[in-house]
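Engineer: For reference, this is target.cif, and it has mmCIF, C-alpha atoms.
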data_coords
#
loop_
_atom_site.label_atom_id
_atom_site.label_comp_id
_atom_site.auth_asym_id
_atom_site.auth_seq_id
_atom_site.Cartn_x
_atom_site.Cartn_y
_atom_site.Cartn_z
CA MET A 1 -45.16 -51.34 -54.78
CA CYS A 2 -48.45 -53.01 -54.02
CA ALA A 3 -50.84 -52.23 -51.16
CA GLY A 4 -50.99 -55.11 -48.69
CA GLY A 5 -54.56 -56.18 -49.31
CA SER A 6 -54.42 -55.95 -53.10
CA PHE A 7 -51.83 -58.61 -53.89
CA LEU A 8 -53.27 -61.72 -55.48
CA GLY A 9 -50.34 -63.57 -57.05
CA ALA A 10 -47.12 -63.34 -59.02
CA ASP A 11 -44.81 -65.30 -61.31
CA ARG A 12 -42.16 -67.37 -59.62
CA GLU A 13 -39.49 -65.01 -60.99
CA VAL A 14 -40.99 -62.02 -59.22
CA ALA A 15 -39.36 -61.31 -55.88
CA LEU A 16 -41.66 -60.16 -53.08
CA GLU A 17 -40.70 -58.31 -49.99
CA ALA A 18 -42.92 -56.79 -47.29
CA ARG A 19 -42.42 -53.12 -46.54
CA PHE A 20 -43.97 -51.58 -43.51
CA GLN A 21 -44.51 -47.93 -43.08
CA GLY A 22 -43.30 -48.03 -39.53
CA LEU A 23 -45.57 -47.64 -36.55
CA ALA A 24 -45.89 -43.90 -36.59
CA LYS A 25 -46.69 -43.71 -40.27
CA GLY A 26 -48.51 -46.93 -41.00
CA VAL A 27 -50.76 -47.60 -38.05
CA LEU A 28 -52.30 -44.20 -37.47
CA GLY A 29 -55.85 -43.90 -38.58
CA GLY A 30 -56.36 -47.64 -38.74
CA GLU A 31 -55.83 -47.59 -42.48
CA GLY A 32 -53.12 -50.18 -42.74
CA LEU A 33 -50.24 -49.11 -44.91
CA ALA A 34 -48.26 -52.25 -45.40
CA PHE A 35 -46.78 -52.48 -48.87
CA LEU A 36 -45.47 -55.42 -50.81
CA ARG A 37 -42.51 -54.61 -52.99
CA ALA A 38 -42.49 -56.72 -56.14
CA SER A 39 -39.39 -56.74 -58.36
CA GLY A 40 -38.07 -58.73 -61.29
CA THR A 41 -39.65 -59.74 -64.59
CA GLY A 42 -42.99 -61.49 -64.82
CA ASP A 43 -46.65 -61.02 -64.10
CA LEU A 44 -47.92 -59.47 -60.93
CA VAL A 45 -51.61 -59.99 -60.25
CA VAL A 46 -53.52 -57.52 -58.13
CA SER A 47 -57.23 -57.35 -57.33
CA ALA A 48 -59.46 -54.50 -56.34
CA PHE A 49 -62.77 -53.62 -54.75
CA GLY A 50 -64.71 -52.29 -57.72
CA MET A 51 -63.18 -50.83 -60.84
CA LEU A 52 -59.42 -50.57 -61.42
CA THR A 53 -58.11 -47.29 -62.80
CA GLU A 54 -54.59 -46.55 -63.92
CA MET A 55 -53.37 -42.99 -63.51
CA GLU A 56 -50.30 -41.53 -65.13
CA VAL A 57 -48.68 -39.20 -62.61
CA ASP A 58 -46.65 -36.29 -63.85
CA GLY A 59 -46.71 -33.71 -61.10
CA GLU A 60 -48.90 -34.48 -58.13
CA LEU A 61 -51.74 -36.87 -57.30
CA VAL A 62 -53.57 -37.17 -53.97
CA VAL A 63 -55.10 -40.58 -53.17
CA ASP A 64 -57.18 -41.66 -50.19
CA THR A 65 -55.30 -44.61 -48.64
CA GLY A 66 -58.38 -46.85 -48.95
CA HIS A 67 -58.27 -46.55 -52.74
CA LEU A 68 -54.61 -47.34 -53.43
CA VAL A 69 -53.81 -50.62 -55.18
CA ALA A 70 -50.24 -50.27 -56.49
CA PHE A 71 -47.72 -47.76 -57.78
CA THR A 72 -44.44 -47.80 -59.68
CA GLU A 73 -41.28 -47.31 -57.70
CA GLY A 74 -39.63 -44.00 -58.38
CA LEU A 75 -42.67 -42.01 -57.45
CA ASP A 76 -42.20 -40.05 -54.29
CA TYR A 77 -44.98 -40.20 -51.77
CA SER A 78 -45.77 -38.78 -48.40
CA ILE A 79 -48.55 -39.67 -45.99
CA ASP A 80 -50.62 -36.68 -45.23
CA ARG A 81 -53.81 -35.62 -43.55
CA LEU A 82 -56.25 -33.53 -45.51
CA GLY A 83 -56.83 -30.11 -44.11
CA GLY A 84 -53.58 -30.12 -42.17
CA GLY A 85 -54.55 -30.42 -38.50
CA TRP A 86 -55.93 -33.38 -36.57
CA ILE A 87 -59.30 -31.77 -36.06
CA ALA A 88 -59.61 -30.96 -39.75
CA THR A 89 -58.71 -34.57 -40.58
CA TRP A 90 -61.48 -35.84 -38.37
CA LEU A 91 -63.96 -33.34 -39.77
CA THR A 92 -63.30 -34.05 -43.44
CA GLY A 93 -63.80 -37.76 -42.89
CA GLU A 94 -61.03 -38.49 -45.36
CA GLY A 95 -58.59 -39.94 -42.87
CA PHE A 96 -55.20 -40.27 -44.46
CA VAL A 97 -54.12 -39.58 -47.99
CA LEU A 98 -51.02 -40.37 -50.00
CA ARG A 99 -49.51 -37.46 -51.83
CA PHE A 100 -47.62 -38.76 -54.87
CA SER A 101 -45.18 -36.65 -56.80
CA GLY A 102 -42.78 -37.19 -59.65
CA ARG A 103 -43.41 -39.40 -62.65
CA GLY A 104 -44.90 -42.85 -62.72
CA ARG A 105 -48.10 -44.84 -62.69
CA VAL A 106 -50.60 -45.46 -59.88
CA LEU A 107 -53.28 -48.16 -59.87
CA LEU A 108 -56.43 -47.22 -58.00
CA GLN A 109 -59.63 -49.00 -56.98
CA SER A 110 -62.98 -47.28 -57.24
CA HIS A 111 -64.32 -48.39 -53.87
CA ASP A 112 -63.07 -48.50 -50.29
CA LEU A 113 -63.71 -51.71 -48.33
CA GLY A 114 -63.38 -49.97 -44.98
CA ARG A 115 -66.05 -47.46 -45.83
CA PHE A 116 -68.40 -50.19 -47.06
CA GLY A 117 -67.82 -52.00 -43.77
CA ARG A 118 -68.73 -48.88 -41.84
CA ILE A 119 -72.07 -48.76 -43.69
CA LEU A 120 -72.80 -52.40 -42.99
CA GLY A 121 -71.54 -52.53 -39.40
CA PRO A 122 -74.26 -50.39 -37.79
CA LEU A 123 -76.91 -52.61 -39.40
CA LEU A 124 -75.63 -55.65 -37.54
CA PRO A 125 -76.37 -56.35 -33.89
CA GLU A 126 -73.60 -55.82 -31.39
CA ARG A 127 -71.24 -58.69 -30.75
CA ASP A 128 -69.33 -59.53 -27.62
CA ALA A 129 -66.03 -57.69 -27.19
CA MET R 1 -67.83 -27.91 -63.96
CA ARG R 2 -67.79 -31.00 -66.15
CA HIS R 3 -68.40 -34.51 -64.92
CA ALA R 4 -68.08 -38.11 -66.11
CA ILE R 5 -69.40 -41.26 -64.48
CA LEU R 6 -66.81 -43.97 -65.09
CA GLY R 7 -66.82 -47.70 -64.55
CA GLY R 8 -70.29 -48.99 -65.45
CA ALA R 9 -73.32 -49.50 -63.26
CA SER R 10 -71.86 -51.74 -60.54
CA PHE R 11 -68.86 -49.78 -59.28
CA PRO R 12 -69.06 -46.31 -60.78
CA VAL R 13 -66.84 -43.36 -59.93
CA LEU R 14 -67.90 -39.76 -60.36
CA GLU R 15 -65.07 -37.74 -61.81
CA VAL R 16 -65.51 -33.98 -61.67
CA ALA R 17 -63.35 -31.57 -63.68
CA LEU R 18 -63.31 -28.16 -62.03
CA GLY R 19 -62.30 -24.97 -63.80
CA ALA R 20 -60.36 -22.22 -62.02
CA GLY R 21 -62.10 -21.35 -58.75
CA GLU R 22 -64.99 -23.76 -59.32
CA SER R 23 -66.16 -26.02 -56.52
CA VAL R 24 -68.14 -29.15 -55.80
CA VAL R 25 -69.75 -30.20 -52.50
CA SER R 26 -69.65 -33.84 -51.45
CA GLU R 27 -70.45 -36.13 -48.60
CA ALA R 28 -67.48 -36.24 -46.19
CA GLY R 29 -65.22 -39.15 -46.99
CA ALA R 30 -66.31 -39.48 -50.63
CA MET R 31 -63.05 -38.24 -52.16
CA ALA R 32 -61.01 -41.14 -53.56
CA TRP R 33 -58.31 -39.27 -55.46
CA MET R 34 -57.65 -35.83 -56.87
CA GLU R 35 -55.27 -34.00 -59.16
CA GLY R 36 -54.33 -30.33 -59.16
CA GLU R 37 -54.48 -27.71 -56.48
CA VAL R 38 -57.60 -28.18 -54.36
CA ALA R 39 -58.64 -26.32 -51.21
CA ILE R 40 -60.97 -28.23 -48.91
CA GLU R 41 -63.51 -26.53 -46.68
CA THR R 42 -65.56 -28.55 -44.23
CA SER R 43 -68.98 -27.41 -43.17
CA THR R 44 -71.94 -28.76 -41.31
CA ARG R 45 -75.45 -28.73 -42.62
CA GLY R 46 -77.56 -26.51 -40.40
CA GLY R 47 -74.93 -25.92 -37.74
CA VAL R 48 -72.89 -28.14 -35.47
CA PHE R 49 -75.71 -28.98 -33.08
CA ALA R 50 -78.00 -30.15 -35.87
CA ALA R 51 -75.14 -32.17 -37.34
CA LEU R 52 -74.38 -33.87 -34.03
CA LYS R 53 -78.04 -34.66 -33.48
CA ARG R 54 -78.24 -36.16 -36.93
CA ALA R 55 -75.15 -38.22 -36.38
CA ALA R 56 -76.49 -39.52 -33.08
CA LEU R 57 -79.97 -40.29 -34.34
CA ALA R 58 -79.51 -41.24 -37.93
CA GLY R 59 -75.89 -42.32 -38.28
CA GLU R 60 -75.46 -39.78 -41.04
CA THR R 61 -72.09 -38.35 -41.96
CA LEU R 62 -71.60 -35.22 -39.92
CA PHE R 63 -70.07 -32.98 -42.47
CA GLN R 64 -69.93 -31.95 -46.06
CA ASN R 65 -66.73 -31.05 -47.82
CA THR R 66 -66.36 -28.36 -50.43
CA TYR R 67 -63.55 -28.97 -52.92
CA ARG R 68 -62.48 -25.76 -54.61
CA ALA R 69 -60.00 -25.75 -57.49
CA GLY R 70 -57.03 -23.39 -57.67
CA PRO R 71 -56.25 -21.20 -60.69
CA ALA R 72 -55.07 -24.15 -62.82
CA GLY R 73 -58.26 -26.19 -62.30
CA ALA R 74 -58.45 -29.68 -60.78
CA ARG R 75 -60.00 -33.11 -61.07
CA VAL R 76 -61.67 -34.82 -58.13
CA ALA R 77 -62.94 -38.43 -58.06
CA LEU R 78 -65.89 -39.00 -55.72
CA VAL R 79 -67.28 -42.41 -54.75
CA PRO R 80 -70.26 -43.53 -52.69
CA GLY R 81 -69.60 -45.95 -49.84
CA GLN R 82 -71.83 -48.67 -51.22
CA ALA R 83 -71.47 -50.39 -54.57
CA GLY R 84 -74.15 -48.97 -56.81
CA GLU R 85 -75.29 -46.76 -59.61
CA ILE R 86 -74.71 -42.99 -59.59
CA VAL R 87 -77.41 -40.73 -61.03
CA ALA R 88 -76.61 -37.23 -62.33
CA HIS R 89 -79.80 -35.26 -61.89
CA SER R 90 -80.35 -31.77 -63.33
CA LEU R 91 -81.99 -30.08 -60.40
CA GLU R 92 -84.34 -27.16 -60.89
CA GLY R 93 -86.16 -26.65 -57.63
CA GLU R 94 -86.21 -29.35 -54.98
CA LEU R 95 -85.51 -33.04 -54.47
CA LEU R 96 -85.67 -35.20 -51.34
CA LEU R 97 -83.05 -37.87 -50.70
CA GLN R 98 -82.90 -40.85 -48.36
CA ARG R 99 -79.95 -41.03 -45.96
CA GLY R 100 -76.72 -42.06 -47.58
CA ALA R 101 -78.00 -41.39 -51.10
CA PHE R 102 -76.36 -37.98 -51.42
CA LEU R 103 -73.00 -38.03 -53.20
CA ALA R 104 -72.28 -34.52 -54.49
CA ALA R 105 -73.74 -31.29 -55.76
CA SER R 106 -72.54 -28.49 -58.01
CA GLU R 107 -72.52 -24.87 -56.89
CA GLY R 108 -76.01 -23.44 -56.60
CA ILE R 109 -77.53 -26.32 -54.63
CA GLU R 110 -78.24 -26.02 -50.90
CA CYS R 111 -78.75 -29.06 -48.69
CA SER R 112 -80.62 -29.28 -45.41
CA SER R 113 -81.95 -32.22 -43.47
CA ARG R 114 -84.73 -33.50 -41.33
CA ILE R 115 -85.51 -36.78 -39.65
CA GLU R 116 -88.81 -38.55 -40.09
CA GLY R 117 -88.86 -41.12 -37.36
CA LEU R 118 -91.35 -43.70 -36.28
CA LYS R 119 -91.79 -43.81 -32.55
CA GLY R 120 -89.53 -46.44 -31.03
CA ILE R 121 -87.85 -47.40 -34.28
CA LEU R 122 -86.07 -44.21 -35.11
CA ALA R 123 -82.97 -46.05 -36.25
CA GLN R 124 -85.11 -47.63 -38.95
CA GLY R 125 -86.83 -44.37 -39.76
CA LEU R 126 -86.33 -42.16 -42.72
CA PHE R 127 -83.57 -39.60 -42.67
CA VAL R 128 -84.37 -37.06 -45.33
CA LEU R 129 -81.96 -34.71 -47.02
CA ARG R 130 -83.55 -31.82 -48.88
CA ALA R 131 -81.64 -30.43 -51.86
CA VAL R 132 -82.80 -27.08 -53.23
CA GLY R 133 -81.52 -24.90 -56.04
CA SER R 134 -80.37 -25.34 -59.59
CA GLY R 135 -77.40 -27.30 -60.78
CA THR R 136 -76.37 -30.94 -60.99
CA LEU R 137 -77.13 -33.21 -58.06
CA PHE R 138 -75.43 -36.60 -57.84
CA PHE R 139 -76.99 -39.38 -55.82
CA SER R 140 -76.51 -43.13 -55.62
CA GLY R 141 -78.14 -46.29 -54.38
CA TYR R 142 -77.07 -49.83 -53.58
CA GLY R 143 -77.31 -51.91 -56.77
CA SER R 144 -78.91 -50.17 -59.71
CA VAL R 145 -81.16 -47.14 -59.45
CA GLU R 146 -84.41 -47.00 -61.42
CA PRO R 147 -86.80 -44.06 -61.78
CA VAL R 148 -90.47 -44.85 -61.17
CA ASP R 149 -93.21 -42.40 -62.15
CA VAL R 150 -95.87 -42.53 -59.49
CA ASP R 151 -99.46 -41.52 -60.15
CA GLY R 152 -101.60 -42.56 -57.22
CA ASP R 153 -100.17 -44.74 -54.47
CA TYR R 154 -96.81 -46.49 -54.31
CA THR R 155 -95.37 -48.39 -51.36
CA ILE R 156 -91.66 -49.21 -50.89
CA ASP R 157 -89.60 -50.81 -48.14
CA ASN R 158 -87.55 -47.89 -46.81
CA GLY R 159 -84.26 -49.68 -47.48
CA TYR R 160 -84.85 -49.29 -51.24
CA VAL R 161 -85.86 -45.61 -51.36
CA VAL R 162 -83.22 -43.36 -52.93
CA ALA R 163 -84.87 -40.05 -53.83
CA TRP R 164 -88.22 -38.50 -54.68
CA GLU R 165 -89.78 -35.33 -55.97
CA PRO R 166 -91.38 -32.96 -53.47
CA GLY R 167 -94.81 -33.15 -55.14
CA LEU R 168 -95.25 -36.58 -53.58
CA ALA R 169 -96.63 -36.91 -50.07
CA TYR R 170 -95.07 -39.70 -48.02
CA ARG R 171 -95.99 -41.57 -44.87
CA LEU R 172 -94.02 -44.08 -42.81
CA THR R 173 -95.72 -47.23 -41.60
CA ALA R 174 -94.48 -50.31 -39.81
CA ALA R 175 -95.57 -53.49 -41.55
CA ARG R 176 -97.27 -55.90 -39.19
CA ARG R 177 -95.07 -58.80 -40.03
CA VAL R 178 -91.59 -59.46 -38.70
CA ARG R 179 -89.04 -58.65 -41.39
CA SER R 180 -86.49 -61.21 -40.20
CA PHE R 181 -85.17 -62.89 -37.11
CA LEU R 182 -82.78 -60.02 -36.79
CA PHE R 183 -84.55 -56.76 -37.14
CA SER R 184 -87.66 -55.15 -35.83
CA ASP R 185 -90.71 -54.55 -38.00
CA GLN R 186 -90.27 -53.67 -41.62
CA VAL R 187 -90.68 -49.95 -42.26
CA LEU R 188 -92.60 -49.01 -45.37
CA VAL R 189 -92.75 -45.67 -47.12
CA GLY R 190 -96.11 -44.95 -48.72
CA PHE R 191 -95.97 -42.33 -51.46
CA SER R 192 -99.05 -40.69 -52.88
CA GLY R 193 -99.69 -38.09 -55.54
CA ARG R 194 -97.81 -37.54 -58.76
CA GLY R 195 -94.08 -37.43 -59.19
CA ARG R 196 -90.92 -39.46 -59.66
CA VAL R 197 -89.32 -41.81 -57.15
CA TRP R 198 -85.86 -43.36 -57.61
CA VAL R 199 -85.65 -46.89 -56.28
CA ALA R 200 -82.52 -48.98 -55.59
CA SER R 201 -82.46 -52.63 -56.63
CA ARG R 202 -80.73 -53.78 -53.42
CA SER R 203 -81.06 -52.94 -49.74
CA PRO R 204 -78.18 -52.83 -47.26
CA HIS R 205 -80.56 -54.33 -44.68
CA SER R 206 -80.88 -57.49 -46.78
CA LEU R 207 -77.10 -57.75 -47.04
CA ALA R 208 -76.79 -57.34 -43.27
CA ASP R 209 -79.38 -60.11 -42.87
CA TRP R 210 -77.41 -62.33 -45.18
CA VAL R 211 -74.01 -61.70 -43.60
CA TYR R 212 -75.22 -62.03 -40.01
CA PRO R 213 -75.03 -65.85 -39.71
CA TYR R 214 -71.45 -65.76 -41.02
CA ARG R 215 -70.20 -63.55 -38.20
CA ARG R 216 -67.81 -65.00 -35.74
CA VAL R 217 -69.53 -65.74 -32.47
CA ARG R 218 -67.80 -65.70 -29.12
CA SER R 219 -68.04 -69.17 -27.64
CA LYS R 220 -69.09 -69.40 -24.00
CA LYS R 221 -66.08 -71.58 -23.20
CA ALA R 222 -63.17 -70.02 -25.04
CA GLY R 223 -62.09 -68.28 -28.19
CA LEU R 224 -63.98 -67.47 -31.33
CA GLN R 225 -65.92 -69.72 -33.67
CA VAL R 226 -66.98 -69.15 -37.22
CA GLY R 227 -70.66 -69.19 -38.09
CA GLY R 228 -73.37 -70.61 -35.88
CA ASP R 229 -77.01 -69.72 -35.46
CA ASP R 230 -76.49 -67.56 -32.38
#
Translate this file's structure into structure tokens.

Structural biologist:
Amino acid sequence: MCAGGSFLGADREVALEARFQGLAKGVLGGEGLAFLRASGTGDLVVSAFGMLTEMEVDGELVVDTGHLVAFTEGLDYSIDRLGGGWIATWLTGEGFVLRFSGRGRVLLQSHDLGRFGRILGPLLPERDA
Amino acid sequence: MRHAILGGASFPVLEVALGAGESVVSEAGAMAWMEGEVAIETSTRGGVFAALKRAALAGETLFQNTYRAGPAGARVALVPGQAGEIVAHSLEGELLLQRGAFLAASEGIECSSRIEGLKGILAQGLFVLRAVGSGTLFFSGYGSVEPVDVDGDYTIDNGYVVAWEPGLAYRLTAARRVRSFLFSDQVLVGFSGRGRVWVASRSPHSLADWVYPYRRVRSKKAGLQVGGDD
């Protein structure tokens, strides 16, 4: 499973299928959670903002949604807010996280494009609408 | 607490390994991933009112998060918002940091803040975070971060200032030339005395300057266009 923005290309033999998290899960927080499910045999090419890190999960791993690149199917995941409540989520500034459990591999990117944009945005003049 | 800075100078990640009950404080939003049982406490620097004032005036992150490991220990990966070098500094005493430079601190370091504005151009002023105590302080800048030992006078555009030692006196001045078509006067920080300054090799202001002409501009007639001189 590949995060929507991370897919770059794939062999012809690799089947691709879009998976949406559903409105309630995927749209909240503005951190888009559209996945691309890639299956078959062949190369899948993903790209990242910054450094790519591969993590072996055996137990639990918590990932900020802005840093997820891809993960192997078979891992269980749930979308969660850090701190539990809505107010705590807003206060921690972490937005949404994915809580992976089980066994598998997760590909992560070191940097978060959305956060970089929020640094740059205030330096630009306002635009219309 | 052990730490490793992974990924080279351009896109580094700070990975912190916490023993049972150990904690690390970071800028809110810096956590990228974590393993193990971690309790998160959110706090404001200097109270809620001070935090809100800072957010309004300086665009600084409101809160700091404390990540505390459970009995089995934990690993937390922390990342600055911009792409740039992370410096692990052994703090004994005090260090002053420019806004956005703070990434994380080990236990034993206290952070407080103040704003050094220039009348009328506060948004371009210097937001200063003061870190006091002993432990490891992690800060970052856009691009690479170089230490400069100052003895006498040293002047830097405020977009490139990362951190400096408290033995240095500093003064904000507005340069008398226009920095670009976009922004108001260039703000300079003049350091004097003896001490170390950490300087970033890139400025987010220059990137904003560069990206500005590529923005989409709303046409007067209809729809959006790409580019244009505004």

Engineer: What is the distance between atom CA of Val38 of chain R and atom CA of Ile119 of chain A, in Å to one decimal?

Structural biologist: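 One can read the atom CA of Val38 of chain R to atom CA of Ile119 of chain A distance as 27.3 Å.
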
Engineer: Could you state which residues are captured by the PyMOL selection byres ((chain R) within 9 of (chain A)) in this file, as a compact mmCIF listing (two decimals) with C-alpha atoms, keeping the file's coordinate frame?

Structural biologist:
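Saved as selection04.txt:
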# COMPACT_ATOMS: atom_id res chain seq x y z
CA LEU R 6 -66.81 -43.97 -65.09
CA GLY R 7 -66.82 -47.70 -64.55
CA GLY R 8 -70.29 -48.99 -65.45
CA SER R 10 -71.86 -51.74 -60.54
CA PHE R 11 -68.86 -49.78 -59.28
CA PRO R 12 -69.06 -46.31 -60.78
CA VAL R 13 -66.84 -43.36 -59.93
CA GLU R 27 -70.45 -36.13 -48.60
CA ALA R 28 -67.48 -36.24 -46.19
CA GLY R 29 -65.22 -39.15 -46.99
CA ALA R 30 -66.31 -39.48 -50.63
CA MET R 31 -63.05 -38.24 -52.16
CA ALA R 32 -61.01 -41.14 -53.56
CA TRP R 33 -58.31 -39.27 -55.46
CA MET R 34 -57.65 -35.83 -56.87
CA GLU R 35 -55.27 -34.00 -59.16
CA GLY R 36 -54.33 -30.33 -59.16
CA GLU R 37 -54.48 -27.71 -56.48
CA ALA R 39 -58.64 -26.32 -51.21
CA ILE R 40 -60.97 -28.23 -48.91
CA GLU R 41 -63.51 -26.53 -46.68
CA THR R 42 -65.56 -28.55 -44.23
CA SER R 43 -68.98 -27.41 -43.17
CA GLY R 59 -75.89 -42.32 -38.28
CA THR R 61 -72.09 -38.35 -41.96
CA LEU R 62 -71.60 -35.22 -39.92
CA PHE R 63 -70.07 -32.98 -42.47
CA GLN R 64 -69.93 -31.95 -46.06
CA ASN R 65 -66.73 -31.05 -47.82
CA ALA R 77 -62.94 -38.43 -58.06
CA LEU R 78 -65.89 -39.00 -55.72
CA VAL R 79 -67.28 -42.41 -54.75
CA PRO R 80 -70.26 -43.53 -52.69
CA GLY R 81 -69.60 -45.95 -49.84
CA GLN R 82 -71.83 -48.67 -51.22
CA ALA R 83 -71.47 -50.39 -54.57
CA LEU R 182 -82.78 -60.02 -36.79
CA PHE R 183 -84.55 -56.76 -37.14
CA PRO R 204 -78.18 -52.83 -47.26
CA HIS R 205 -80.56 -54.33 -44.68
CA LEU R 207 -77.10 -57.75 -47.04
CA ALA R 208 -76.79 -57.34 -43.27
CA ASP R 209 -79.38 -60.11 -42.87
CA VAL R 211 -74.01 -61.70 -43.60
CA TYR R 212 -75.22 -62.03 -40.01
CA ARG R 215 -70.20 -63.55 -38.20
CA ARG R 216 -67.81 -65.00 -35.74
CA VAL R 217 -69.53 -65.74 -32.47
CA ARG R 218 -67.80 -65.70 -29.12

Engineer: Counting all atoms listed in the file, select every polymer residue within 7 Å of (-78.6, -55.4, -57.9) as defined in the file's coordinates, and provide the selection as an NGL selection string.

Structural biologist: :R and (143-144 or 201-202)

Engineer: What is the distance between atom CA of Val162 of chain R and atom CA of Arg99 of chain R, in Å to one decimal?

Structural biologist: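 One can read the atom CA of Val162 of chain R to atom CA of Arg99 of chain R distance as 8.0 Å.
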
Engineer: Would you kindly translate the PyMOL selection byres ((chain A and resi 1) around 6) into the concrete residues it picks from this file, as a list in words?

Structural biologist: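 Those residues are Cys2, Leu36, Arg37, Ala70 and Phe71 of chain A.
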
Engineer: Calculate how many Å separate atom CA of Val16 of chain R from atom CA of Asp76 of chain A, rounding to one decimal.

Structural biologist: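 Pair atom CA of Val16 of chain R / atom CA of Asp76 of chain A returns 25.2 Å.
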
Engineer: Using the chain letters and residue numbers of this document, give as a PyMOL selection string the residues selected by the PyMOL selection byres ((chain R and resi 109-112) around 9).

Structural biologist: chain R and resi 25+45-46+91+105-108+113-114+128-137

Engineer: Could the residues in this selection be written to a file with C-alpha atoms, as a compact mmCIF listing (two decimals), in the coordinates of the input?

Structural biologist:
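Contents of result_3.txt, freshly written:
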# COMPACT_ATOMS: atom_id res chain seq x y z
CA VAL R 25 -69.75 -30.20 -52.50
CA ARG R 45 -75.45 -28.73 -42.62
CA GLY R 46 -77.56 -26.51 -40.40
CA LEU R 91 -81.99 -30.08 -60.40
CA ALA R 105 -73.74 -31.29 -55.76
CA SER R 106 -72.54 -28.49 -58.01
CA GLU R 107 -72.52 -24.87 -56.89
CA GLY R 108 -76.01 -23.44 -56.60
CA SER R 113 -81.95 -32.22 -43.47
CA ARG R 114 -84.73 -33.50 -41.33
CA VAL R 128 -84.37 -37.06 -45.33
CA LEU R 129 -81.96 -34.71 -47.02
CA ARG R 130 -83.55 -31.82 -48.88
CA ALA R 131 -81.64 -30.43 -51.86
CA VAL R 132 -82.80 -27.08 -53.23
CA GLY R 133 -81.52 -24.90 -56.04
CA SER R 134 -80.37 -25.34 -59.59
CA GLY R 135 -77.40 -27.30 -60.78
CA THR R 136 -76.37 -30.94 -60.99
CA LEU R 137 -77.13 -33.21 -58.06

Engineer: Find the residues around Ala17 of chain R up to 9 Å (all atoms listed in the file counted), leave out those fewer than 6 positions away in its own chain, and share them as a ChimeraX atom specification.

Structural biologist: /R:1-4,73-77

Engineer: Show me, as a ChimeraX atom specification, the residues that have an atom within 8 Å of Ala38 of chain A when counting only C-alpha atoms, minus same-chain residues fewer than 5 positions from it.

Structural biologist: /A:1-2,14-17,44

Engineer: How would the residues just picked look written out with C-alpha atoms as an mmCIF file, keeping the file's coordinate frame?

Structural biologist:
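Contents of selection-v5.cif, as written:
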data_model
loop_
_atom_site.group_PDB
_atom_site.id
_atom_site.type_symbol
_atom_site.label_atom_id
_atom_site.label_comp_id
_atom_site.auth_asym_id
_atom_site.auth_seq_id
_atom_site.Cartn_x
_atom_site.Cartn_y
_atom_site.Cartn_z
ATOM 1 C CA MET A 1 -45.160 -51.340 -54.780
ATOM 2 C CA CYS A 2 -48.450 -53.010 -54.020
ATOM 3 C CA VAL A 14 -40.990 -62.020 -59.220
ATOM 4 C CA ALA A 15 -39.360 -61.310 -55.880
ATOM 5 C CA LEU A 16 -41.660 -60.160 -53.080
ATOM 6 C CA GLU A 17 -40.700 -58.310 -49.990
ATOM 7 C CA LEU A 44 -47.920 -59.470 -60.930
#

Engineer: So for segment 90-107 of chain R, what box centre and size do we get, axis-aligned, 6 Å extra on each of the six sides, every listed atom, Å to one decimal, as JSON?

Structural biologist:
{"center_x": -79.2, "center_y": -33.5, "center_z": -54.6, "size_x": 25.9, "size_y": 29.2, "size_z": 29.4}
